[in-house]
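Pasted below: input_17.csv, CSV, C-alpha atoms.
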```csv
chain,number,residue,atom,x,y,z
Q,836,MET,CA,138.3,-52.1,269.7
Q,837,THR,CA,139.4,-55.6,270.5
Q,838,VAL,CA,138.2,-58.5,268.4
Q,839,ASP,CA,136.5,-61.3,270.2
Q,840,GLY,CA,138.2,-64.5,269.0
Q,841,GLN,CA,135.3,-66.7,270.0
Q,842,LEU,CA,132.9,-64.5,268.1
Q,843,VAL,CA,135.0,-64.8,265.0
Q,844,ALA,CA,135.2,-68.6,265.3
Q,845,ARG,CA,131.5,-68.9,265.8
Q,846,THR,CA,130.6,-66.6,263.0
Q,847,VAL,CA,132.9,-68.5,260.6
Q,848,ALA,CA,131.2,-71.7,261.6
Q,849,GLU,CA,127.8,-70.3,261.0
Q,850,LEU,CA,128.8,-68.9,257.6
Q,851,ARG,CA,130.2,-72.3,256.5
Q,852,ALA,CA,127.0,-74.0,257.7
Q,853,MET,CA,124.8,-71.9,255.4
Q,854,PRO,CA,122.7,-73.9,253.0
Q,855,GLN,CA,124.3,-74.2,249.6
Q,856,ALA,CA,121.0,-74.0,247.9
Q,857,GLU,CA,120.9,-70.3,248.9
Q,858,ASP,CA,121.8,-67.8,246.3
Q,859,LEU,CA,125.5,-67.0,246.3
Q,860,LEU,CA,124.9,-63.2,246.3
Q,861,ALA,CA,122.8,-63.5,249.4
Q,862,ARG,CA,125.4,-65.6,251.2
Q,863,LEU,CA,128.1,-63.1,250.3
Q,864,GLY,CA,125.9,-60.3,251.5
Q,865,ARG,CA,125.6,-62.2,254.8
Q,866,VAL,CA,129.4,-62.4,255.1
Q,867,VAL,CA,129.7,-58.6,254.5
Q,868,GLU,CA,127.0,-58.0,257.1
Q,869,VAL,CA,128.5,-60.0,259.9
Q,870,THR,CA,132.0,-58.7,259.1
Q,871,ARG,CA,130.9,-55.3,260.2
Q,872,THR,CA,129.8,-56.6,263.6
Q,873,VAL,CA,132.7,-58.9,264.1
Q,874,VAL,CA,135.5,-56.5,263.3
Q,875,GLY,CA,133.6,-53.5,264.7
Q,876,VAL,CA,133.8,-51.1,261.8
Q,877,ASP,CA,131.6,-48.5,260.2
Q,878,GLY,CA,131.2,-50.2,256.9
Q,879,THR,CA,132.3,-53.3,254.9
Q,880,GLY,CA,132.5,-54.1,251.2
Q,881,LEU,CA,133.3,-57.0,249.0
Q,882,THR,CA,134.8,-56.8,245.5
Q,883,LEU,CA,135.2,-59.7,243.1
Q,884,VAL,CA,136.8,-59.9,239.7
Q,885,HIS,CA,134.5,-59.6,236.7
Q,886,ASP,CA,134.8,-60.8,233.2
Q,887,ASP,CA,135.9,-57.4,232.0
Q,888,GLY,CA,138.9,-57.0,234.3
Q,889,PRO,CA,139.7,-55.9,237.8
Q,890,PRO,CA,137.5,-56.5,240.8
Q,891,ARG,CA,134.4,-54.5,241.3
Q,892,TRP,CA,132.2,-54.2,244.3
Q,893,VAL,CA,129.4,-56.8,244.7
Q,894,ALA,CA,128.2,-56.1,248.3
Q,895,THR,CA,128.5,-53.3,250.8
Q,896,HIS,CA,127.1,-52.8,254.3
Q,897,GLY,CA,127.3,-49.6,256.3
Q,898,CYS,CA,125.8,-47.6,259.0
Q,899,GLY,CA,123.0,-46.3,256.8
Q,900,ASP,CA,123.6,-42.6,257.0
Q,901,ALA,CA,123.5,-42.4,253.2
Q,902,ALA,CA,120.6,-43.7,251.2
Q,903,ALA,CA,121.8,-43.0,247.7
Q,904,GLY,CA,123.3,-45.5,245.3
Q,905,GLY,CA,122.5,-49.1,244.8
Q,906,GLY,CA,124.0,-52.3,243.4
Q,907,PRO,CA,123.7,-56.0,242.9
Q,908,ALA,CA,123.8,-56.8,246.5
Q,909,ARG,CA,122.5,-53.8,248.3
Q,910,LEU,CA,121.7,-55.1,251.8
Q,911,ARG,CA,119.7,-52.3,253.3
X,493,MET,CA,128.2,-44.8,254.4
X,494,ASP,CA,127.0,-47.3,251.9
X,495,ALA,CA,127.1,-44.7,249.1
X,496,ALA,CA,130.6,-43.5,250.2
X,497,MET,CA,132.0,-47.0,250.2
X,498,GLN,CA,130.5,-47.8,246.9
X,499,LEU,CA,131.8,-44.6,245.4
X,500,LEU,CA,135.2,-45.3,246.8
X,501,GLU,CA,135.3,-48.7,245.3
X,502,GLU,CA,134.1,-47.5,241.9
X,503,VAL,CA,136.6,-44.6,241.9
X,504,GLN,CA,139.3,-47.1,242.5
X,505,HIS,CA,138.1,-49.2,239.6
X,506,ASP,CA,137.8,-46.2,237.3
X,507,PHE,CA,141.2,-44.7,238.2
X,508,GLY,CA,143.0,-48.0,238.5
X,509,GLU,CA,144.5,-47.4,241.9
X,510,GLY,CA,143.6,-47.5,245.6
X,511,PRO,CA,143.9,-49.7,248.7
X,512,CYS,CA,141.5,-52.4,247.5
X,513,LEU,CA,143.0,-52.6,244.1
X,514,ALA,CA,146.5,-52.7,245.6
X,515,ALA,CA,145.5,-55.6,247.9
X,516,PHE,CA,144.1,-57.5,244.9
X,517,ALA,CA,147.0,-56.7,242.5
X,518,GLU,CA,149.7,-57.3,245.0
X,519,ASP,CA,147.9,-60.1,246.8
X,520,ARG,CA,148.6,-58.7,250.2
X,521,VAL,CA,146.8,-57.0,253.2
X,522,VAL,CA,146.6,-53.3,252.8
X,523,ALA,CA,146.0,-51.3,256.0
X,524,VAL,CA,145.5,-47.6,255.7
X,525,GLN,CA,145.2,-45.6,258.9
X,526,ASP,CA,144.0,-42.4,257.3
X,527,LEU,CA,143.1,-42.3,253.7
X,528,ARG,CA,143.3,-38.5,253.5
X,529,THR,CA,146.9,-38.4,254.6
X,530,GLU,CA,147.9,-41.3,252.5
X,531,LEU,CA,149.8,-39.8,249.5
X,532,VAL,CA,150.3,-43.0,247.6
X,533,TRP,CA,147.2,-42.7,245.4
X,534,ASP,CA,147.1,-39.2,243.9
X,535,ARG,CA,144.4,-39.8,241.3
X,536,ILE,CA,141.7,-40.7,243.8
X,537,ALA,CA,142.8,-38.1,246.4
X,538,VAL,CA,140.3,-35.5,245.3
X,539,VAL,CA,137.4,-37.9,245.7
X,540,VAL,CA,138.7,-39.3,248.9
X,541,ARG,CA,138.9,-35.9,250.6
X,542,GLN,CA,135.1,-35.5,250.1
X,543,LEU,CA,134.2,-38.8,251.5
X,544,GLN,CA,133.7,-39.8,255.1
X,545,VAL,CA,135.9,-42.8,254.8
X,546,ARG,CA,139.2,-42.5,256.6
X,547,GLY,CA,140.5,-45.9,257.8
X,548,VAL,CA,140.6,-48.8,255.3
X,549,LEU,CA,141.6,-52.4,255.7
X,550,SER,CA,141.6,-54.6,252.7
X,551,VAL,CA,142.3,-58.3,252.6
X,552,PRO,CA,142.5,-60.4,249.4
X,553,VAL,CA,140.0,-63.2,248.8
X,554,ARG,CA,142.0,-66.0,247.3
X,555,LEU,CA,140.7,-68.9,245.2
X,556,ALA,CA,143.0,-71.7,244.0
X,557,ASP,CA,146.0,-69.6,245.2
X,558,GLN,CA,144.9,-66.7,243.1
X,559,PRO,CA,143.3,-63.4,244.3
X,560,VAL,CA,139.8,-63.1,243.0
X,561,GLY,CA,138.7,-60.1,245.0
X,562,THR,CA,139.0,-58.3,248.3
X,563,LEU,CA,137.1,-58.0,251.5
X,564,ASN,CA,137.3,-54.5,252.8
X,565,VAL,CA,136.3,-52.7,256.1
X,566,TYR,CA,136.0,-49.0,256.5
X,567,ALA,CA,136.1,-46.5,259.4
X,568,THR,CA,134.9,-43.0,259.4
X,569,GLN,CA,137.7,-41.9,261.7
X,570,PRO,CA,141.4,-42.6,261.4
X,571,ARG,CA,142.2,-46.1,262.8
X,572,ALA,CA,145.2,-48.1,263.5
X,573,TRP,CA,144.4,-51.6,262.5
X,574,THR,CA,145.5,-54.3,265.0
X,575,PRO,CA,146.8,-57.7,264.0
X,576,ALA,CA,143.7,-59.3,265.6
X,577,GLU,CA,141.5,-57.3,263.3
X,578,VAL,CA,143.6,-58.2,260.3
X,579,GLN,CA,143.4,-61.9,261.3
X,580,ALA,CA,139.7,-61.8,261.8
X,581,LEU,CA,139.2,-60.2,258.4
X,582,GLY,CA,141.4,-62.8,256.9
X,583,ALA,CA,139.4,-65.6,258.4
X,584,LEU,CA,136.2,-64.1,256.9
X,585,ALA,CA,137.9,-63.7,253.5
X,586,VAL,CA,138.7,-67.4,253.6
X,587,VAL,CA,135.0,-68.1,254.2
X,588,THR,CA,134.1,-65.9,251.4
X,589,ALA,CA,136.4,-67.7,249.0
X,590,GLU,CA,134.9,-71.1,250.2
X,591,LEU,CA,131.5,-69.8,249.4
X,592,VAL,CA,132.5,-68.7,245.9
X,593,ARG,CA,134.3,-72.0,245.2
X,594,THR,CA,131.3,-74.0,246.4
X,595,ALA,CA,129.0,-72.0,244.1
X,596,VAL,CA,131.3,-72.4,241.2
X,597,GLU,CA,131.6,-76.2,241.7
X,598,LEU,CA,127.8,-76.4,242.1
X,599,ALA,CA,127.3,-74.5,238.8
X,600,ASN,CA,129.8,-76.7,237.1
X,601,HIS,CA,128.0,-79.8,238.3
X,602,GLN,CA,124.7,-78.5,237.2
X,603,LEU,CA,126.2,-77.8,233.7
X,604,GLU,CA,127.6,-81.2,233.5
X,605,VAL,CA,124.3,-82.8,234.5
X,606,ALA,CA,122.6,-80.8,231.8
X,607,GLN,CA,125.1,-81.9,229.2
X,608,LEU,CA,124.8,-85.5,230.1
X,609,ARG,CA,121.0,-85.4,229.9
X,610,GLN,CA,121.3,-83.8,226.5
X,611,ALA,CA,123.8,-86.5,225.4
X,612,LEU,CA,121.4,-89.2,226.6
X,613,ALA,CA,118.6,-87.7,224.7
X,614,SER,CA,120.5,-87.3,221.5
X,615,ARG,CA,122.0,-90.8,221.8
X,616,VAL,CA,118.6,-92.3,221.1
X,617,TRP,CA,118.4,-90.4,217.8
X,618,ILE,CA,122.0,-91.4,216.9
X,619,GLU,CA,121.3,-95.1,217.5
X,620,GLN,CA,118.2,-94.9,215.3
X,621,ALA,CA,120.2,-93.2,212.6
X,622,LYS,CA,122.9,-95.8,212.8
X,623,GLY,CA,120.3,-98.5,212.4
X,624,MET,CA,118.8,-96.9,209.3
X,625,VAL,CA,122.2,-96.3,207.7
X,626,ALA,CA,123.3,-99.9,208.4
X,627,ALA,CA,120.1,-101.3,207.0
X,628,THR,CA,120.0,-99.1,203.8
X,629,GLU,CA,123.8,-99.2,203.1
X,630,GLY,CA,124.4,-102.8,204.1
X,631,VAL,CA,127.2,-101.9,206.5
X,632,THR,CA,128.0,-102.6,210.1
X,633,LEU,CA,126.8,-100.3,212.9
X,634,ASP,CA,130.4,-99.0,213.5
X,635,GLU,CA,130.7,-98.2,209.8
X,636,ALA,CA,127.3,-96.6,209.8
X,637,PHE,CA,128.4,-94.4,212.8
X,638,GLN,CA,131.6,-93.4,211.0
X,639,GLN,CA,129.5,-92.4,207.9
X,640,LEU,CA,127.2,-90.3,210.1
X,641,ARG,CA,130.2,-88.6,211.6
X,642,VAL,CA,131.7,-87.8,208.2
X,643,ARG,CA,128.4,-86.5,207.0
X,644,ALA,CA,128.0,-84.3,210.1
X,645,ALA,CA,131.5,-82.9,209.6
X,646,GLU,CA,130.9,-82.2,206.0
X,647,ALA,CA,127.6,-80.4,206.8
X,648,ARG,CA,129.3,-78.3,209.4
X,649,ALA,CA,132.1,-77.4,206.9
X,650,ARG,CA,129.5,-76.5,204.3
X,651,GLU,CA,127.7,-74.3,206.7
X,652,ALA,CA,130.9,-72.6,207.8
X,653,GLU,CA,131.8,-72.0,204.1
X,654,GLN,CA,128.4,-70.5,203.4
X,655,ASP,CA,128.7,-68.3,206.4
X,656,LEU,CA,132.2,-67.2,205.3
X,657,GLN,CA,131.0,-66.5,201.8
X,658,ALA,CA,128.0,-64.5,203.0
X,659,ALA,CA,130.3,-62.4,205.2
X,660,LYS,CA,132.6,-61.8,202.2
X,661,THR,CA,129.7,-60.8,200.0
X,662,GLY,CA,128.4,-58.4,202.6
X,663,LEU,CA,131.8,-56.9,203.1
X,664,ALA,CA,132.2,-56.4,199.4
X,665,ARG,CA,128.8,-54.8,199.0
X,666,ARG,CA,129.5,-52.5,201.9
X,667,THR,CA,132.9,-51.5,200.6
X,668,ALA,CA,131.4,-50.8,197.1
X,669,ALA,CA,128.6,-48.6,198.7
X,670,GLN,CA,131.2,-46.7,200.7
X,671,ASP,CA,133.2,-46.1,197.5
X,672,ARG,CA,130.2,-44.9,195.7
X,673,THR,CA,129.3,-42.5,198.5
X,674,GLN,CA,132.9,-41.2,198.6
X,675,ASP,CA,132.9,-40.6,194.9
X,676,ASP,CA,129.6,-38.8,195.1
X,677,LEU,CA,130.8,-36.6,197.9
X,678,ALA,CA,134.0,-35.9,196.1
X,679,ALA,CA,132.2,-35.0,192.9
X,680,ARG,CA,129.9,-32.6,194.8
X,681,GLU,CA,132.7,-30.9,196.7
X,682,ARG,CA,135.0,-30.5,193.8
X,683,PRO,CA,135.2,-26.8,193.0
X,684,PRO,CA,135.0,-25.7,189.4
X,685,THR,CA,138.5,-25.5,187.9
X,686,SER,CA,139.8,-22.3,186.4
X,687,GLU,CA,140.0,-24.2,183.0
X,688,SER,CA,136.3,-24.7,183.0
X,689,SER,CA,135.8,-20.9,182.6
X,690,SER,CA,138.5,-20.5,180.0
X,691,PRO,CA,137.5,-19.6,176.4
X,692,ARG,CA,138.9,-22.9,175.2
X,693,ASN,CA,136.4,-24.9,177.3
X,694,ALA,CA,133.6,-22.6,176.6
X,695,THR,CA,133.7,-23.5,172.9
X,696,GLY,CA,133.2,-27.2,173.4
X,697,PRO,CA,132.5,-29.7,176.1
X,698,LEU,CA,135.0,-32.0,177.7
X,699,MET,CA,135.1,-35.3,176.0
X,700,THR,CA,135.7,-38.9,177.1
X,701,VAL,CA,137.6,-40.6,174.3
X,702,THR,CA,137.4,-44.4,174.5
X,703,MET,CA,139.8,-46.5,172.5
X,704,SER,CA,138.9,-50.0,171.7
X,705,PRO,CA,141.4,-52.8,172.6
X,706,THR,CA,140.6,-54.6,169.4
X,707,PRO,CA,141.6,-53.4,166.0
X,708,VAL,CA,138.8,-51.5,164.3
X,709,SER,CA,138.3,-50.7,160.7
X,710,GLY,CA,137.0,-47.1,161.3
X,711,PRO,CA,139.1,-44.0,161.7
X,712,ARG,CA,141.2,-43.6,164.7
X,713,THR,CA,139.5,-42.2,167.7
X,714,CYS,CA,142.4,-40.5,169.3
X,715,ALA,CA,142.8,-37.6,166.9
X,716,THR,CA,142.5,-35.1,169.8
X,717,GLY,CA,144.9,-36.9,172.1
X,718,PRO,CA,148.6,-36.5,172.4
X,719,PRO,CA,150.7,-37.1,169.4
X,720,THR,CA,151.8,-40.5,170.6
X,721,ASN,CA,148.2,-41.7,170.4
X,722,ALA,CA,147.9,-40.9,166.8
X,723,THR,CA,150.7,-43.4,165.9
X,724,GLY,CA,150.0,-46.1,168.4
X,725,PRO,CA,147.6,-49.0,168.0
X,726,PRO,CA,144.3,-48.9,169.7
X,727,THR,CA,144.5,-49.5,173.4
X,728,SER,CA,142.2,-50.2,176.2
X,729,ALA,CA,142.5,-46.8,177.8
X,730,THR,CA,139.9,-44.4,178.7
X,731,ALA,CA,141.1,-40.8,178.5
X,732,THR,CA,139.2,-37.8,179.7
X,733,ALA,CA,140.6,-34.7,178.2
X,734,PRO,CA,139.4,-31.5,176.8
X,735,PRO,CA,139.8,-30.6,173.2
X,736,THR,CA,143.4,-29.5,172.5
X,737,ASN,CA,142.3,-26.4,170.8
X,738,ALA,CA,139.2,-24.3,170.4
X,739,THR,CA,139.0,-24.8,166.7
X,740,ALA,CA,139.2,-28.5,166.6
X,741,PRO,CA,135.9,-30.2,165.8
X,742,PRO,CA,134.5,-32.7,168.2
X,743,THR,CA,136.2,-35.9,167.4
X,744,SER,CA,133.6,-38.1,169.0
X,745,ALA,CA,131.5,-37.7,166.0
X,746,THR,CA,134.0,-39.8,164.1
X,747,SER,CA,134.5,-42.4,166.8
X,748,PRO,CA,133.2,-45.8,166.1
X,749,PRO,CA,130.8,-47.3,168.6
X,750,PRO,CA,132.6,-49.1,171.4
X,751,THR,CA,133.0,-52.8,171.0
X,752,PRO,CA,131.3,-55.1,173.6
X,753,SER,CA,134.7,-55.8,175.1
X,754,SER,CA,135.6,-52.2,175.5
X,755,ARG,CA,132.2,-51.3,176.8
X,756,GLY,CA,132.5,-53.9,179.5
X,757,GLY,CA,135.7,-52.4,180.7
X,758,GLN,CA,134.6,-48.9,181.1
X,759,ARG,CA,134.1,-47.3,184.4
X,760,GLU,CA,131.4,-44.8,185.3
X,761,GLN,CA,130.1,-44.9,181.7
X,762,PRO,CA,126.4,-45.5,181.8
X,763,ALA,CA,125.3,-48.1,179.2
X,764,GLY,CA,123.7,-46.6,176.2
X,765,THR,CA,125.2,-43.2,176.5
X,766,SER,CA,127.6,-41.6,174.1
X,767,SER,CA,131.2,-41.4,175.1
X,768,ALA,CA,131.2,-37.8,174.0
X,769,THR,CA,128.5,-36.8,176.5
X,770,PRO,CA,129.6,-33.8,178.5
X,771,GLU,CA,130.4,-34.6,182.0
X,772,ARG,CA,128.5,-33.0,184.8
X,773,PHE,CA,131.6,-32.0,186.6
X,774,PRO,CA,134.6,-31.0,184.4
X,775,ARG,CA,137.7,-32.8,185.0
X,776,ARG,CA,141.3,-31.6,184.8
X,777,ARG,CA,143.0,-31.9,181.6
X,778,THR,CA,145.5,-34.3,182.9
X,779,ASP,CA,142.9,-36.7,184.1
X,780,LEU,CA,144.0,-39.9,182.3
X,781,ARG,CA,142.8,-43.2,183.6
X,782,VAL,CA,143.5,-46.7,182.5
X,783,THR,CA,140.5,-48.9,183.0
X,784,GLU,CA,140.6,-52.2,184.7
X,785,GLN,CA,139.7,-54.0,181.5
X,786,PRO,CA,141.9,-57.0,180.8
X,787,SER,CA,144.5,-55.9,178.2
X,788,PRO,CA,146.3,-58.3,176.0
X,789,PRO,CA,150.0,-58.3,176.5
X,790,ASN,CA,150.7,-57.1,172.9
X,791,HIS,CA,149.0,-53.8,173.7
X,792,ALA,CA,151.0,-53.1,176.8
X,793,SER,CA,153.8,-51.4,174.8
X,794,SER,CA,151.2,-49.0,173.2
X,795,ILE,CA,150.0,-48.1,176.7
X,796,HIS,CA,153.5,-47.4,177.8
X,797,THR,CA,154.1,-45.3,174.7
X,798,MET,CA,151.0,-43.3,175.3
X,799,LEU,CA,152.0,-42.7,178.9
X,800,GLY,CA,155.4,-41.5,177.7
X,801,LEU,CA,157.4,-44.1,179.6
X,802,THR,CA,160.9,-44.9,178.7
X,803,PRO,CA,161.6,-48.4,177.3
X,804,ALA,CA,163.4,-49.4,180.5
X,805,VAL,CA,160.5,-48.4,182.7
X,806,ALA,CA,158.1,-50.0,180.3
X,807,ARG,CA,160.0,-53.3,180.5
X,808,ARG,CA,160.0,-53.2,184.2
X,809,LEU,CA,156.3,-52.6,184.4
X,810,SER,CA,155.6,-55.3,181.8
X,811,SER,CA,157.5,-57.8,183.9
X,812,ARG,CA,155.2,-57.3,186.8
X,813,PRO,CA,152.3,-59.7,187.3
X,814,PRO,CA,149.0,-58.2,186.2
X,815,ARG,CA,146.8,-56.7,188.9
X,816,TRP,CA,143.7,-58.1,187.3
X,817,PRO,CA,142.9,-61.6,185.9
X,818,MET,CA,144.2,-62.0,182.4
X,819,PRO,CA,141.8,-63.6,179.9
X,820,SER,CA,142.9,-66.8,178.3
X,821,ALA,CA,144.2,-66.4,174.8
X,822,SER,CA,141.7,-67.3,172.2
X,823,PRO,CA,143.0,-69.2,169.2
X,824,GLY,CA,143.3,-66.9,166.2
```
Will you turn the file into structure tokens for me?
Amino acid sequence: MTVDGQLVARTVAELRAMPQAEDLLARLGRVVEVTRTVVGVDGTGLTLVHDDGPPRWVATHGCGDAAAGGGPARLR
Amino acid sequence: MDAAMQLLEEVQHDFGEGPCLAAFAEDRVVAVQDLRTELVWDRIAVVVRQLQVRGVLSVPVRLADQPVGTLNVYATQPRAWTPAEVQALGALAVVTAELVRTAVELANHQLEVAQLRQALASRVWIEQAKGMVAATEGVTLDEAFQQLRVRAAEARAREAEQDLQAAKTGLARRTAAQDRTQDDLAARERPPTSESSSPRNATGPLMTVTMSPTPVSGPRTCATGPPTNATGPPTSATATAPPTNATAPPTSATSPPPTPSSRGGQREQPAGTSSATPERFPRRRTDLRVTEQPSPPNHASSIHTMLGLTPAVARRLSSRPPRWPMPSASPG
């Protein structure tokens, strides 16, 4: 699948224009969500470092064929 | 797919390896065409084989030139990642980092505003206190402020000292309780010795002979002890020993009552009980213990004599600093 450069640029601009008052977790979830569409993949995920060591997942977005699990930024 | 991705990321975290952790640790893009054929991460291979995830592309999220996370994309089929896809994911990772940085800066600003508000509120009280101190002490406002600072520092130091003291007391109590518990357990689990069933012990109970550290006018109390005890001066030692022979009469009957000083130094000797009271659990014959009672230096040689130490060893021991506080010498 080829990546649409204009779509990438437009998406990045929209993400940067998100209101800052919005919750950080919600905005990160939005990034994960649009990444799946822009890159054209089956699922996306974001990990960030925590206080107790290495990065752990904070948000995922997939095609929804599995309903189990959960997390701090479950988007479905 | 959500559960599979989440599981994959958690497995990487738990086992400490995987494409996402490699991208974070090595601060580089990690592109995996087929995770099942990738033999780099052995520990997560078992889990990966059961997942639907095959292709993985992981890009680090960098903040202040340091990786703070990864943005990952997954494919259910093997996939050769193109440079355009890597570039697009990198652009989105940059946006992610910007969002995180903005949120951190916003939180810092909010914290700073809250601190400034608190400082403004407390400043009113400080100014009032300065005025009161200046009026009552007859000093300038600057001197009054310095006095307030000194008092505040002293109060904080006092509180810290009290907290430290409380912690030390609690620790000492807990240690003492643990020691008592261990002693009780050891006493309960100690099997009866073979000596306790011997005819010698059957004729008389085991005795605790206490020797006073101060000269006493009564008869010597260590008549049943080793021969060296009979010739040595009274010492501050508590000896637990069975009678040396079956025919010897209990010597505790001739023992004088312990002096207050000797009573204070005894261990495990309930107040008001006779020193000749049979112990609940018989001790070994060689159980000889020196109490922690402060002993005057002139009695040290008698202890060494009783323990059968050579003069050289006794001198070496006497030259060591005492392990317990020595009482100040009283005149006369």
Go through chain X residue by residue and, counting only C-alpha atoms, keep those with an atom at most 9 Å from chain Q; for each kept residue give the shortest atom pair and its distance in Å to one decimal, ordered by chain and increasing number, as a tab-separated table.
```
residue	atom	partner	partner_atom	distance
X:Met493	CA	Q:Gly897	CA	5.2
X:Asp494	CA	Q:Gly897	CA	5.0
X:Ala495	CA	Q:Gly904	CA	5.4
X:Ala496	CA	Q:Ala901	CA	7.8
X:Met497	CA	Q:Gly880	CA	7.2
X:Gln498	CA	Q:Thr895	CA	7.0
X:Leu499	CA	Q:Gly904	CA	8.5
X:Glu501	CA	Q:Trp892	CA	6.4
X:Glu502	CA	Q:Arg891	CA	7.0
X:Gln504	CA	Q:Arg891	CA	9.0
X:His505	CA	Q:Arg891	CA	6.7
X:Gly508	CA	Q:Pro889	CA	8.6
X:Cys512	CA	Q:Thr882	CA	8.3
X:Leu513	CA	Q:Pro890	CA	7.5
X:Phe516	CA	Q:Pro890	CA	7.8
X:Ala517	CA	Q:Pro889	CA	8.7
X:Val545	CA	Q:Asp877	CA	9.0
X:Val553	CA	Q:Leu883	CA	8.2
X:Pro559	CA	Q:Val884	CA	8.7
X:Val560	CA	Q:Val884	CA	5.5
X:Gly561	CA	Q:Leu883	CA	4.0
X:Thr562	CA	Q:Thr882	CA	5.3
X:Leu563	CA	Q:Leu881	CA	4.7
X:Asn564	CA	Q:Gly880	CA	5.1
X:Val565	CA	Q:Thr879	CA	4.2
X:Tyr566	CA	Q:Gly878	CA	5.0
X:Ala567	CA	Q:Asp877	CA	5.0
X:Thr568	CA	Q:Asp877	CA	6.5
X:Thr574	CA	Q:Thr837	CA	8.3
X:Ala576	CA	Q:Val838	CA	6.2
X:Glu577	CA	Q:Val874	CA	6.1
X:Val578	CA	Q:Val874	CA	8.8
X:Ala580	CA	Q:Val843	CA	6.4
X:Leu581	CA	Q:Val874	CA	7.2
X:Ala583	CA	Q:Val847	CA	7.4
X:Leu584	CA	Q:Val847	CA	6.6
X:Ala585	CA	Q:Val866	CA	8.7
X:Val587	CA	Q:Val847	CA	6.7
X:Thr588	CA	Q:Leu863	CA	6.7
X:Glu590	CA	Q:Arg851	CA	8.0
X:Leu591	CA	Q:Leu859	CA	7.3
X:Val592	CA	Q:Leu859	CA	7.2
X:Thr594	CA	Q:Gln855	CA	7.7
X:Ala595	CA	Q:Leu859	CA	6.5
X:Leu598	CA	Q:Gln855	CA	8.6
```
- Item | Distance of atom CA of X:Pro511 from atom CA of X:Leu527, expressed in Å to one decimal place |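 So the answer is 9.0 Å.
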- Using atom CA of X:Ala679 and atom CA of X:Leu663 as the two end points, give the distance in Å to one decimal.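 Between these atoms lies a distance of 24.2 Å.
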- Item | Distance of atom CA of X:Ala626 from atom CA of X:Glu646, expressed in Å to one decimal place |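 Interatomic distance, atom CA of X:Glu646 to atom CA of X:Ala626: 19.4 Å.
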- Query: Given the choices X:Ala649, X:Val524, X:Val503, X:Glu509, which gets closest to X:Val540 if the distance is worked out from all atoms listed in the file?
  - Reply: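 Closest residue, counting all atoms listed in the file: X:Val503.
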